[in-house]
Amino acid sequence: MSKLISPALLWAGAPRPNRTREASTANSDRSSNNCSEIDKPISSKKKQDGKQVSRLWLDKGRFWDQIQPLDEELENASCLSRSVENAWWELKAAKQVLKEHPKIAIAPTTSTIVFLVVALIGVFVVAHSTETSEQEQLDEELALSQLLYAKEEIIIQDEYLRTKASTDEMATALVDGLERAYAPLKMLELYVRQNPVYPYIEDNFPAIAADVMDVADLPGKAYTLGIAPFAVVADKYPFGNNAGAIGHDNLNHCQVVPDEKMEATNNGTDCSPECGLPSETRCYPSRRAITYLSVETRMLTLDGPVTLVQGGYAFIMRHPIFVNVSADPFGVGQYNETFGRSYAAHNCTAPVCYNETSGLRYWGQADSLLSFQRWLDLAQLDLFTQNKIAYRIIDPVKDMVLTSVGSISNEPITKNIIAYNRVLKLETSPDGGWMEHSTAYGSEVANAETPVWRDPLLVSVAIIALYLGAILTMMVVNKRRHKKLLQSMLPTKTLPYIERGRNFCEQFSTITVLFSDIVSYTSMAAEMSPLEVVNMLNELYFLYDKLAEKHGVYKVETIGDAFMCAGGVPDECSPLEGACAIADMGLDMIEATRSFVTSGGLKIQIRVGMHSGPAVAAVVGLKMPHYCLFGDTVNTASRMESNSEAMRVHLSGSTHAILQANETKKYNLTPRGEMNIKGKGKMYTYWLDSPDHLQSFPLLQESAAI
């Protein structure tokens, strides 16, 4: 049975075990010079060939070379990423604790709900009081708002009527401007009717066009006149960059561009498939549809809009010219079918191009290029912009804005402009938009709005409540984790003493202690990186921890490659139960290590030693309290391990005697004989062997998966 003793007795009656690993001369694994040199204490150094040789596996340079990549990785990681990762692991750990102990969440949850309810009620009460005060103020402002609304309504109606009147005037001005631009074409028609013989028109066209332009008195004279007998472009005034248009038959949509005009026409366009021409043939742009419409209706047509090189848009005005050929005023037959030309209108016959009843024959067309900006200048729309009227003119066919002046409203006044064969849409509004009422009419009693701060405050209160609840929950969880950590570090029976700041110590009459270490560990470590050594030990100790849990023995500590566990502590049992558990543990460790392979592909060997006897257990340390065993039993078990052999379990006589008393399970115990044990003298020891102890070891699979 165990009994509590004073901590002062720990040092008086129980010497600390010597943890120095010194092998006997009979141990083949420790006999080599290299191993004995490496296994000396840290301070041990010698001169070899005039050079000082230190322990390779403790070389600081090699160690920090391995650690440096980890330090750089941590430094390169951003503070945010580290914080997120830490928070994730904290939440994951808290979830696991709450899953194991759901009742600990009751207190923080209840506190959170109570705080939330009280805070929400307070917010609603204050918000209602504020809303009542605002309602009284709104009632006083109701009459004033109705008066202001009525005044603004009069202004808005007046603004609408003025804008609508301006819209009608602008539409009329645009039509008038188009008529002014149309006047030169009509004048040119009169010249042609006076003398329709083309050689005369061809020789005198520049002078005729100049006279027409002067008479028309167009502002800026930014205007182009053209003449096209039978719709074939013959001349332009001013000629400018119109060389590519000369010879273009507007009634022939399959007219091929000659090679010499390829550059002037920008290489033409693809010919229509119905023309039946080779795919590489280039044709003039097709103008037949709009030209034929002009001839058929015998009225002006607008073609476009087209984009100008200098920017903006323009319309092509086409005016058909018909001449009465029923009489020959000059008596020399100039009014023949071709008017002195060598060709007639392409694919244009009676009654469209010739009316036998009236005697009118299609002579050709007069055309002009009217820039849209020139049209606006002719309409003098700038007078309306001075009255702060914004407008926009849209081509609904091509769905494009031709011009936009000022900031127009999203709800403009719309009016269609009939421009011969085209319909344009004029949209107007006051520049900057329509005047709007500054306040609602107030036909109904205005209700005070909920304070704008109420909902955000409610959300804030909820967030604060949840935050406090989370803090309380984490405090409870951390307390539970702290307790769980202490339970994993210390036996449960010691915790009441530790929590009250009291010392704990306990004496056991008979326990069995096991030590193990890795054979040639220091030479292996010298050939491995520190990280590889850590991984190897972690994999191996994970396996041993599972074995300790399986056999119900207590893992005391690990020191480097040394593993220490004990049977019969901290919960005292019979000496036979403790010794059998440790014996099974040692055999399982041998068999498990025999099949164990590290992640780096290494196989290792261990030595195991056991001894049974009295010991004292105590919790020592303030910052890192540890449950330790003290007494000669611990020291003797360590000596058994250091004098053991690879992959064998070495027993003292006391442990042998206890195992021999087991009547239900027989162990394979082999005498080793009398040995000289350092610090103990001569001792008769034994081997614990079990060749067929394990057929398979499933824990290795779980260890390899970690």
# chains A, B, ... in the order shown; residues from 1 in each chain; ligands from 1
$ residues_around --residues "Cys283 of chain A" --least-positions-apart "5" --cutoff "8 Å" --atoms "only C-alpha atoms" --output "list in words"
His253, Cys254, Gln255, Val256, Val257, Gly268, Thr269, Asp270 and Cys271 of chain A
$ write_last_selection --atoms "all heavy atoms" --output "mmCIF file, in the first residue's frame"
data_model
loop_
_atom_site.group_PDB
_atom_site.id
_atom_site.type_symbol
_atom_site.label_atom_id
_atom_site.label_comp_id
_atom_site.auth_asym_id
_atom_site.auth_seq_id
_atom_site.Cartn_x
_atom_site.Cartn_y
_atom_site.Cartn_z
ATOM 1 N N HIS A 253 -25.070 47.844 -107.851
ATOM 2 C CA HIS A 253 -24.449 47.345 -106.617
ATOM 3 C C HIS A 253 -23.403 46.272 -106.899
ATOM 4 O O HIS A 253 -22.811 45.719 -105.976
ATOM 5 C CB HIS A 253 -25.511 46.769 -105.672
ATOM 6 C CG HIS A 253 -26.201 45.543 -106.212
ATOM 7 N ND1 HIS A 253 -27.138 45.609 -107.205
ATOM 8 C CD2 HIS A 253 -26.061 44.238 -105.893
ATOM 9 C CE1 HIS A 253 -27.581 44.391 -107.476
ATOM 10 N NE2 HIS A 253 -26.939 43.531 -106.690
ATOM 11 N N CYS A 254 -23.172 45.974 -108.170
ATOM 12 C CA CYS A 254 -22.152 44.992 -108.523
ATOM 13 C C CYS A 254 -21.016 45.641 -109.313
ATOM 14 O O CYS A 254 -20.316 44.979 -110.088
ATOM 15 C CB CYS A 254 -22.762 43.855 -109.349
ATOM 16 S SG CYS A 254 -23.936 42.825 -108.427
ATOM 17 N N GLN A 255 -20.808 46.933 -109.160
ATOM 18 C CA GLN A 255 -19.779 47.634 -109.908
ATOM 19 C C GLN A 255 -18.404 47.328 -109.326
ATOM 20 O O GLN A 255 -18.150 47.535 -108.135
ATOM 21 C CB GLN A 255 -20.031 49.141 -109.894
ATOM 22 C CG GLN A 255 -19.033 49.935 -110.732
ATOM 23 C CD GLN A 255 -19.271 51.431 -110.626
ATOM 24 O OE1 GLN A 255 -20.061 51.879 -109.809
ATOM 25 N NE2 GLN A 255 -18.592 52.202 -111.461
ATOM 26 N N VAL A 256 -17.510 46.812 -110.139
ATOM 27 C CA VAL A 256 -16.172 46.429 -109.707
ATOM 28 C C VAL A 256 -15.276 47.660 -109.652
ATOM 29 O O VAL A 256 -15.311 48.506 -110.554
ATOM 30 C CB VAL A 256 -15.579 45.372 -110.656
ATOM 31 C CG1 VAL A 256 -14.153 45.005 -110.233
ATOM 32 C CG2 VAL A 256 -16.467 44.140 -110.692
ATOM 33 N N VAL A 257 -14.441 47.761 -108.601
ATOM 34 C CA VAL A 257 -13.507 48.884 -108.451
ATOM 35 C C VAL A 257 -12.304 48.642 -109.345
ATOM 36 O O VAL A 257 -11.649 47.593 -109.243
ATOM 37 C CB VAL A 257 -13.062 49.032 -106.988
ATOM 38 C CG1 VAL A 257 -12.081 50.194 -106.852
ATOM 39 C CG2 VAL A 257 -14.256 49.241 -106.074
ATOM 40 N N GLY A 268 -12.165 49.175 -101.591
ATOM 41 C CA GLY A 268 -13.540 48.779 -101.851
ATOM 42 C C GLY A 268 -14.117 47.893 -100.761
ATOM 43 O O GLY A 268 -13.640 47.863 -99.628
ATOM 44 N N THR A 269 -15.183 47.154 -101.118
ATOM 45 C CA THR A 269 -15.837 46.241 -100.182
ATOM 46 C C THR A 269 -16.064 44.907 -100.876
ATOM 47 O O THR A 269 -15.864 44.768 -102.081
ATOM 48 C CB THR A 269 -17.191 46.801 -99.714
ATOM 49 O OG1 THR A 269 -18.042 46.981 -100.854
ATOM 50 C CG2 THR A 269 -17.017 48.139 -99.011
ATOM 51 N N ASP A 270 -16.489 43.903 -100.095
ATOM 52 C CA ASP A 270 -16.821 42.606 -100.675
ATOM 53 C C ASP A 270 -18.036 42.742 -101.587
ATOM 54 O O ASP A 270 -19.013 43.431 -101.251
ATOM 55 C CB ASP A 270 -17.123 41.595 -99.573
ATOM 56 C CG ASP A 270 -15.889 41.291 -98.747
ATOM 57 O OD1 ASP A 270 -14.775 41.413 -99.288
ATOM 58 O OD2 ASP A 270 -16.053 40.930 -97.561
ATOM 59 N N CYS A 271 -18.000 42.092 -102.721
ATOM 60 C CA CYS A 271 -19.130 42.116 -103.648
ATOM 61 C C CYS A 271 -20.256 41.237 -103.115
ATOM 62 O O CYS A 271 -20.016 40.239 -102.422
ATOM 63 C CB CYS A 271 -18.693 41.624 -105.030
ATOM 64 S SG CYS A 271 -17.446 42.680 -105.817
#
$ residues_around --residues "Phe504 of chain A" --least-positions-apart "3" --cutoff "7 Å" --atoms "only C-alpha atoms" --output "NGL selection string"
:A and (494 or 497 or 618-619)
$ closest_residue --among "A:Val325, A:Leu383, A:Ala314, A:Leu300" --to "Glu169 of chain A" --atoms "only C-alpha atoms"
A:Leu383
$ residues_around --residues "Pro456 of chain A" --least-positions-apart "5" --cutoff "12 Å" --atoms "only C-alpha atoms" --output "PyMOL selection string"
chain A and resi 120+123+127+450-451+461-464
$ write_last_selection --atoms "N, CA and C atoms" --output "mmCIF file, in the first residue's frame"
data_model
loop_
_atom_site.group_PDB
_atom_site.id
_atom_site.type_symbol
_atom_site.label_atom_id
_atom_site.label_comp_id
_atom_site.auth_asym_id
_atom_site.auth_seq_id
_atom_site.Cartn_x
_atom_site.Cartn_y
_atom_site.Cartn_z
ATOM 1 N N LEU A 120 -31.248 44.338 -25.600
ATOM 2 C CA LEU A 120 -32.199 44.608 -26.671
ATOM 3 C C LEU A 120 -33.415 45.367 -26.161
ATOM 4 N N VAL A 123 -32.457 48.991 -25.756
ATOM 5 C CA VAL A 123 -32.358 49.704 -27.032
ATOM 6 C C VAL A 123 -33.742 50.051 -27.561
ATOM 7 N N ALA A 127 -35.190 53.849 -28.249
ATOM 8 C CA ALA A 127 -35.585 54.157 -29.619
ATOM 9 C C ALA A 127 -37.036 54.638 -29.679
ATOM 10 N N THR A 450 -38.127 55.304 -37.687
ATOM 11 C CA THR A 450 -37.352 54.649 -36.636
ATOM 12 C C THR A 450 -35.950 55.246 -36.618
ATOM 13 N N PRO A 451 -35.427 55.569 -35.445
ATOM 14 C CA PRO A 451 -34.075 56.146 -35.381
ATOM 15 C C PRO A 451 -33.075 55.307 -36.177
ATOM 16 N N VAL A 461 -25.232 45.319 -30.421
ATOM 17 C CA VAL A 461 -25.495 44.643 -29.143
ATOM 18 C C VAL A 461 -25.431 43.134 -29.328
ATOM 19 N N ALA A 462 -26.031 42.656 -30.432
ATOM 20 C CA ALA A 462 -25.990 41.217 -30.691
ATOM 21 C C ALA A 462 -24.557 40.737 -30.884
ATOM 22 N N ILE A 463 -23.773 41.537 -31.623
ATOM 23 C CA ILE A 463 -22.376 41.139 -31.857
ATOM 24 C C ILE A 463 -21.594 41.139 -30.545
ATOM 25 N N ILE A 464 -21.825 42.187 -29.734
ATOM 26 C CA ILE A 464 -21.121 42.245 -28.438
ATOM 27 C C ILE A 464 -21.513 41.068 -27.565
#
$ select_by_dssp --residues "segment 359-491 of chain A" --states "strand (DSSP E or B)" --output "NGL selection string"
:A and (360-371 or 389-395 or 400-405 or 413-419 or 422-430)
$ closest_residue --among "A:Ser595, A:Asn204, A:Asn252, A:Ser133" --to "Ile290 of chain A" --atoms "only C-alpha atoms"
A:Asn252
$ residues_around --residues "Ala210 of chain A" --least-positions-apart "4" --cutoff "12 Å" --atoms "only C-alpha atoms" --output "list in words"
Pro184, Met187, Leu188, Asn204, Phe205, Pro206, Asp214, Val215, Ala216, Asp217, Leu218, Lys221, Tyr223, Thr224, Leu225, Gly226, Lys236, Tyr237, Pro238 and Phe239 of chain A
$ residues_around --residues "segment 248-251 of chain A" --least-positions-apart "2" --cutoff "9 Å" --atoms "only C-alpha atoms" --output "PDB file with all heavy atoms, in the first residue's frame"
ATOM      1  N   ALA A 228     -24.177  63.656-110.554  1.00  0.00           N
ATOM      2  CA  ALA A 228     -24.084  62.244-110.914  1.00  0.00           C
ATOM      3  C   ALA A 228     -25.075  61.934-112.015  1.00  0.00           C
ATOM      4  O   ALA A 228     -26.221  61.554-111.749  1.00  0.00           O
ATOM      5  CB  ALA A 228     -24.329  61.364-109.692  1.00  0.00           C
ATOM      6  N   PHE A 230     -27.217  59.939-114.458  1.00  0.00           N
ATOM      7  CA  PHE A 230     -27.660  58.544-114.361  1.00  0.00           C
ATOM      8  C   PHE A 230     -27.082  57.859-113.123  1.00  0.00           C
ATOM      9  O   PHE A 230     -26.760  56.676-113.147  1.00  0.00           O
ATOM     10  CB  PHE A 230     -27.290  57.764-115.627  1.00  0.00           C
ATOM     11  CG  PHE A 230     -27.948  58.295-116.863  1.00  0.00           C
ATOM     12  CD1 PHE A 230     -27.203  58.676-117.970  1.00  0.00           C
ATOM     13  CD2 PHE A 230     -29.332  58.440-116.914  1.00  0.00           C
ATOM     14  CE1 PHE A 230     -27.817  59.181-119.105  1.00  0.00           C
ATOM     15  CE2 PHE A 230     -29.939  58.936-118.059  1.00  0.00           C
ATOM     16  CZ  PHE A 230     -29.199  59.323-119.144  1.00  0.00           C
ATOM     17  N   ALA A 231     -26.944  58.623-112.046  1.00  0.00           N
ATOM     18  CA  ALA A 231     -26.478  58.139-110.730  1.00  0.00           C
ATOM     19  C   ALA A 231     -25.014  57.750-110.726  1.00  0.00           C
ATOM     20  O   ALA A 231     -24.540  57.158-109.755  1.00  0.00           O
ATOM     21  CB  ALA A 231     -27.345  56.983-110.231  1.00  0.00           C
ATOM     22  N   VAL A 232     -24.251  58.079-111.771  1.00  0.00           N
ATOM     23  CA  VAL A 232     -22.817  57.791-111.792  1.00  0.00           C
ATOM     24  C   VAL A 232     -22.084  59.068-111.397  1.00  0.00           C
ATOM     25  O   VAL A 232     -22.218  60.096-112.073  1.00  0.00           O
ATOM     26  CB  VAL A 232     -22.367  57.318-113.183  1.00  0.00           C
ATOM     27  CG1 VAL A 232     -20.855  57.070-113.182  1.00  0.00           C
ATOM     28  CG2 VAL A 232     -23.113  56.066-113.597  1.00  0.00           C
ATOM     29  N   VAL A 233     -21.321  59.025-110.296  1.00  0.00           N
ATOM     30  CA  VAL A 233     -20.652  60.212-109.777  1.00  0.00           C
ATOM     31  C   VAL A 233     -19.660  60.722-110.815  1.00  0.00           C
ATOM     32  O   VAL A 233     -18.751  59.988-111.245  1.00  0.00           O
ATOM     33  CB  VAL A 233     -19.935  59.912-108.451  1.00  0.00           C
ATOM     34  CG1 VAL A 233     -19.228  61.150-107.933  1.00  0.00           C
ATOM     35  CG2 VAL A 233     -20.929  59.393-107.421  1.00  0.00           C
ATOM     36  N   ALA A 234     -19.849  61.987-111.203  1.00  0.00           N
ATOM     37  CA  ALA A 234     -18.998  62.563-112.247  1.00  0.00           C
ATOM     38  C   ALA A 234     -18.079  63.646-111.713  1.00  0.00           C
ATOM     39  O   ALA A 234     -16.940  63.788-112.168  1.00  0.00           O
ATOM     40  CB  ALA A 234     -19.863  63.126-113.380  1.00  0.00           C
ATOM     41  N   GLY A 244     -11.815  58.969-105.140  1.00  0.00           N
ATOM     42  CA  GLY A 244     -12.287  57.593-105.076  1.00  0.00           C
ATOM     43  C   GLY A 244     -13.745  57.449-105.423  1.00  0.00           C
ATOM     44  O   GLY A 244     -14.201  56.360-105.805  1.00  0.00           O
ATOM     45  N   ALA A 245     -14.546  58.512-105.273  1.00  0.00           N
ATOM     46  CA  ALA A 245     -15.981  58.425-105.553  1.00  0.00           C
ATOM     47  C   ALA A 245     -16.297  58.615-107.024  1.00  0.00           C
ATOM     48  O   ALA A 245     -17.378  58.237-107.492  1.00  0.00           O
ATOM     49  CB  ALA A 245     -16.733  59.473-104.733  1.00  0.00           C
ATOM     50  N   ILE A 246     -15.404  59.240-107.801  1.00  0.00           N
ATOM     51  CA  ILE A 246     -15.658  59.511-109.220  1.00  0.00           C
ATOM     52  C   ILE A 246     -15.808  58.188-109.973  1.00  0.00           C
ATOM     53  O   ILE A 246     -14.965  57.295-109.866  1.00  0.00           O
ATOM     54  CB  ILE A 246     -14.525  60.357-109.824  1.00  0.00           C
ATOM     55  CG1 ILE A 246     -14.347  61.657-109.018  1.00  0.00           C
ATOM     56  CG2 ILE A 246     -14.806  60.656-111.290  1.00  0.00           C
ATOM     57  CD1 ILE A 246     -15.598  62.505-108.950  1.00  0.00           C
ATOM     58  N   HIS A 253     -25.070  47.844-107.851  1.00  0.00           N
ATOM     59  CA  HIS A 253     -24.449  47.345-106.617  1.00  0.00           C
ATOM     60  C   HIS A 253     -23.403  46.272-106.899  1.00  0.00           C
ATOM     61  O   HIS A 253     -22.811  45.719-105.976  1.00  0.00           O
ATOM     62  CB  HIS A 253     -25.511  46.769-105.672  1.00  0.00           C
ATOM     63  CG  HIS A 253     -26.201  45.543-106.212  1.00  0.00           C
ATOM     64  ND1 HIS A 253     -27.138  45.609-107.205  1.00  0.00           N
ATOM     65  CD2 HIS A 253     -26.061  44.238-105.893  1.00  0.00           C
ATOM     66  CE1 HIS A 253     -27.581  44.391-107.476  1.00  0.00           C
ATOM     67  NE2 HIS A 253     -26.939  43.531-106.690  1.00  0.00           N
ATOM     68  N   GLN A 255     -20.808  46.933-109.160  1.00  0.00           N
ATOM     69  CA  GLN A 255     -19.779  47.634-109.908  1.00  0.00           C
ATOM     70  C   GLN A 255     -18.404  47.328-109.326  1.00  0.00           C
ATOM     71  O   GLN A 255     -18.150  47.535-108.135  1.00  0.00           O
ATOM     72  CB  GLN A 255     -20.031  49.141-109.894  1.00  0.00           C
ATOM     73  CG  GLN A 255     -19.033  49.935-110.732  1.00  0.00           C
ATOM     74  CD  GLN A 255     -19.271  51.431-110.626  1.00  0.00           C
ATOM     75  OE1 GLN A 255     -20.061  51.879-109.809  1.00  0.00           O
ATOM     76  NE2 GLN A 255     -18.592  52.202-111.461  1.00  0.00           N
ATOM     77  N   VAL A 257     -14.441  47.761-108.601  1.00  0.00           N
ATOM     78  CA  VAL A 257     -13.507  48.884-108.451  1.00  0.00           C
ATOM     79  C   VAL A 257     -12.304  48.642-109.345  1.00  0.00           C
ATOM     80  O   VAL A 257     -11.649  47.593-109.243  1.00  0.00           O
ATOM     81  CB  VAL A 257     -13.062  49.032-106.988  1.00  0.00           C
ATOM     82  CG1 VAL A 257     -12.081  50.194-106.852  1.00  0.00           C
ATOM     83  CG2 VAL A 257     -14.256  49.241-106.074  1.00  0.00           C
ATOM     84  N   TYR A 284     -17.622  48.625-105.405  1.00  0.00           N
ATOM     85  CA  TYR A 284     -17.950  49.865-104.718  1.00  0.00           C
ATOM     86  C   TYR A 284     -19.002  49.583-103.642  1.00  0.00           C
ATOM     87  O   TYR A 284     -19.787  48.641-103.765  1.00  0.00           O
ATOM     88  CB  TYR A 284     -18.512  50.900-105.704  1.00  0.00           C
ATOM     89  CG  TYR A 284     -17.471  51.595-106.536  1.00  0.00           C
ATOM     90  CD1 TYR A 284     -17.189  51.178-107.833  1.00  0.00           C
ATOM     91  CD2 TYR A 284     -16.786  52.700-106.039  1.00  0.00           C
ATOM     92  CE1 TYR A 284     -16.248  51.820-108.607  1.00  0.00           C
ATOM     93  CE2 TYR A 284     -15.842  53.356-106.814  1.00  0.00           C
ATOM     94  CZ  TYR A 284     -15.571  52.913-108.092  1.00  0.00           C
ATOM     95  OH  TYR A 284     -14.639  53.558-108.841  1.00  0.00           O
ATOM     96  N   PRO A 285     -19.043  50.407-102.556  1.00  0.00           N
ATOM     97  CA  PRO A 285     -20.113  50.239-101.567  1.00  0.00           C
ATOM     98  C   PRO A 285     -21.478  50.384-102.235  1.00  0.00           C
ATOM     99  O   PRO A 285     -21.697  51.242-103.088  1.00  0.00           O
ATOM    100  CB  PRO A 285     -19.846  51.363-100.564  1.00  0.00           C
ATOM    101  CG  PRO A 285     -18.407  51.702-100.742  1.00  0.00           C
ATOM    102  CD  PRO A 285     -18.097  51.463-102.192  1.00  0.00           C
ATOM    103  N   SER A 286     -22.421  49.529-101.872  1.00  0.00           N
ATOM    104  CA  SER A 286     -23.748  49.515-102.502  1.00  0.00           C
ATOM    105  C   SER A 286     -24.579  50.712-102.030  1.00  0.00           C
ATOM    106  O   SER A 286     -24.746  50.937-100.831  1.00  0.00           O
ATOM    107  CB  SER A 286     -24.474  48.211-102.160  1.00  0.00           C
ATOM    108  OG  SER A 286     -25.779  48.228-102.705  1.00  0.00           O
ATOM    109  N   ARG A 287     -25.070  51.529-102.991  1.00  0.00           N
ATOM    110  CA  ARG A 287     -25.947  52.662-102.702  1.00  0.00           C
ATOM    111  C   ARG A 287     -27.250  52.554-103.516  1.00  0.00           C
ATOM    112  O   ARG A 287     -27.994  53.508-103.624  1.00  0.00           O
ATOM    113  CB  ARG A 287     -25.247  53.984-103.073  1.00  0.00           C
ATOM    114  CG  ARG A 287     -23.992  54.269-102.269  1.00  0.00           C
ATOM    115  CD  ARG A 287     -24.347  54.746-100.868  1.00  0.00           C
ATOM    116  NE  ARG A 287     -23.170  55.187-100.153  1.00  0.00           N
ATOM    117  CZ  ARG A 287     -22.435  54.433 -99.369  1.00  0.00           C
ATOM    118  NH1 ARG A 287     -22.753  53.154 -99.245  1.00  0.00           N
ATOM    119  NH2 ARG A 287     -21.389  54.922 -98.749  1.00  0.00           N
ATOM    120  N   ARG A 288     -27.507  51.388-104.126  1.00  0.00           N
ATOM    121  CA  ARG A 288     -28.636  51.268-105.045  1.00  0.00           C
ATOM    122  C   ARG A 288     -29.967  51.481-104.331  1.00  0.00           C
ATOM    123  O   ARG A 288     -30.848  52.198-104.836  1.00  0.00           O
ATOM    124  CB  ARG A 288     -28.631  49.895-105.731  1.00  0.00           C
ATOM    125  CG  ARG A 288     -29.865  49.699-106.624  1.00  0.00           C
ATOM    126  CD  ARG A 288     -29.826  48.409-107.410  1.00  0.00           C
ATOM    127  NE  ARG A 288     -31.063  48.225-108.146  1.00  0.00           N
ATOM    128  CZ  ARG A 288     -31.382  48.828-109.284  1.00  0.00           C
ATOM    129  NH1 ARG A 288     -30.504  49.662-109.835  1.00  0.00           N
ATOM    130  NH2 ARG A 288     -32.544  48.617-109.885  1.00  0.00           N
ATOM    131  N   ALA A 289     -30.157  50.891-103.160  1.00  0.00           N
ATOM    132  CA  ALA A 289     -31.456  50.942-102.498  1.00  0.00           C
ATOM    133  C   ALA A 289     -31.884  52.373-102.225  1.00  0.00           C
ATOM    134  O   ALA A 289     -33.003  52.791-102.563  1.00  0.00           O
ATOM    135  CB  ALA A 289     -31.408  50.137-101.199  1.00  0.00           C
ATOM    136  N   ILE A 290     -30.989  53.173-101.599  1.00  0.00           N
ATOM    137  CA  ILE A 290     -31.360  54.535-101.251  1.00  0.00           C
ATOM    138  C   ILE A 290     -31.476  55.406-102.504  1.00  0.00           C
ATOM    139  O   ILE A 290     -32.325  56.298-102.605  1.00  0.00           O
ATOM    140  CB  ILE A 290     -30.339  55.134-100.249  1.00  0.00           C
ATOM    141  CG1 ILE A 290     -30.858  56.450 -99.683  1.00  0.00           C
ATOM    142  CG2 ILE A 290     -28.970  55.274-100.881  1.00  0.00           C
ATOM    143  CD1 ILE A 290     -32.066  56.279 -98.799  1.00  0.00           C
ATOM    144  N   THR A 291     -30.618  55.117-103.533  1.00  0.00           N
ATOM    145  CA  THR A 291     -30.685  55.893-104.776  1.00  0.00           C
ATOM    146  C   THR A 291     -31.960  55.580-105.544  1.00  0.00           C
ATOM    147  O   THR A 291     -32.632  56.482-106.069  1.00  0.00           O
ATOM    148  CB  THR A 291     -29.454  55.597-105.644  1.00  0.00           C
ATOM    149  OG1 THR A 291     -28.267  55.865-104.886  1.00  0.00           O
ATOM    150  CG2 THR A 291     -29.449  56.449-106.901  1.00  0.00           C
ATOM    151  N   TYR A 292     -32.311  54.303-105.612  1.00  0.00           N
ATOM    152  CA  TYR A 292     -33.524  53.922-106.327  1.00  0.00           C
ATOM    153  C   TYR A 292     -34.761  54.493-105.638  1.00  0.00           C
ATOM    154  O   TYR A 292     -35.728  54.887-106.301  1.00  0.00           O
ATOM    155  CB  TYR A 292     -33.610  52.403-106.407  1.00  0.00           C
ATOM    156  CG  TYR A 292     -34.643  51.903-107.389  1.00  0.00           C
ATOM    157  CD1 TYR A 292     -34.361  51.836-108.748  1.00  0.00           C
ATOM    158  CD2 TYR A 292     -35.914  51.514-106.961  1.00  0.00           C
ATOM    159  CE1 TYR A 292     -35.305  51.378-109.658  1.00  0.00           C
ATOM    160  CE2 TYR A 292     -36.862  51.064-107.864  1.00  0.00           C
ATOM    161  CZ  TYR A 292     -36.562  50.997-109.206  1.00  0.00           C
ATOM    162  OH  TYR A 292     -37.499  50.566-110.093  1.00  0.00           O
ATOM    163  N   ALA A 345     -29.095  54.961-117.440  1.00  0.00           N
ATOM    164  CA  ALA A 345     -29.208  54.542-116.033  1.00  0.00           C
ATOM    165  C   ALA A 345     -29.201  53.021-115.935  1.00  0.00           C
ATOM    166  O   ALA A 345     -29.901  52.333-116.690  1.00  0.00           O
ATOM    167  CB  ALA A 345     -30.478  55.116-115.411  1.00  0.00           C
ATOM    168  N   HIS A 346     -28.426  52.501-114.993  1.00  0.00           N
ATOM    169  CA  HIS A 346     -28.277  51.059-114.841  1.00  0.00           C
ATOM    170  C   HIS A 346     -29.549  50.461-114.244  1.00  0.00           C
ATOM    171  O   HIS A 346     -29.997  50.846-113.160  1.00  0.00           O
ATOM    172  CB  HIS A 346     -27.073  50.745-113.923  1.00  0.00           C
ATOM    173  CG  HIS A 346     -26.892  49.284-113.683  1.00  0.00           C
ATOM    174  ND1 HIS A 346     -26.330  48.443-114.618  1.00  0.00           N
ATOM    175  CD2 HIS A 346     -27.220  48.512-112.607  1.00  0.00           C
ATOM    176  CE1 HIS A 346     -26.300  47.219-114.135  1.00  0.00           C
ATOM    177  NE2 HIS A 346     -26.830  47.233-112.907  1.00  0.00           N
ATOM    178  N   ASN A 347     -30.116  49.508-114.984  1.00  0.00           N
ATOM    179  CA  ASN A 347     -31.244  48.731-114.473  1.00  0.00           C
ATOM    180  C   ASN A 347     -32.359  49.631-113.942  1.00  0.00           C
ATOM    181  O   ASN A 347     -32.866  49.429-112.840  1.00  0.00           O
ATOM    182  CB  ASN A 347     -30.761  47.761-113.379  1.00  0.00           C
ATOM    183  CG  ASN A 347     -31.777  46.675-113.105  1.00  0.00           C
ATOM    184  OD1 ASN A 347     -32.695  46.468-113.915  1.00  0.00           O
ATOM    185  ND2 ASN A 347     -31.633  45.996-111.982  1.00  0.00           N
ATOM    186  N   CYS A 348     -32.673  50.661-114.700  1.00  0.00           N
ATOM    187  CA  CYS A 348     -33.742  51.580-114.285  1.00  0.00           C
ATOM    188  C   CYS A 348     -34.550  51.923-115.546  1.00  0.00           C
ATOM    189  O   CYS A 348     -34.090  52.693-116.400  1.00  0.00           O
ATOM    190  CB  CYS A 348     -33.166  52.836-113.643  1.00  0.00           C
ATOM    191  SG  CYS A 348     -34.430  53.960-113.012  1.00  0.00           S
TER     192      CYS A 348
END
$ closest_residue --among "A:Thr428, A:Ser654, A:Thr593, A:Thr636" --to "Asp168 of chain A" --atoms "only C-alpha atoms"
A:Thr428
$ residues_around --residues "Ser358 of chain A" --least-positions-apart "4" --cutoff "9 Å" --atoms "only C-alpha atoms" --output "number ranges by chain"
A: 324, 326, 354
$ atom_distance --atom1 "atom CA of Val513 of chain A" --atom2 "atom CA of Gly609 of chain A"
8.3 Å
$ closest_residue --among "A:Val556, A:Met474, A:Leu277, A:Leu308" --to "Ala93 of chain A" --atoms "only C-alpha atoms"
A:Met474
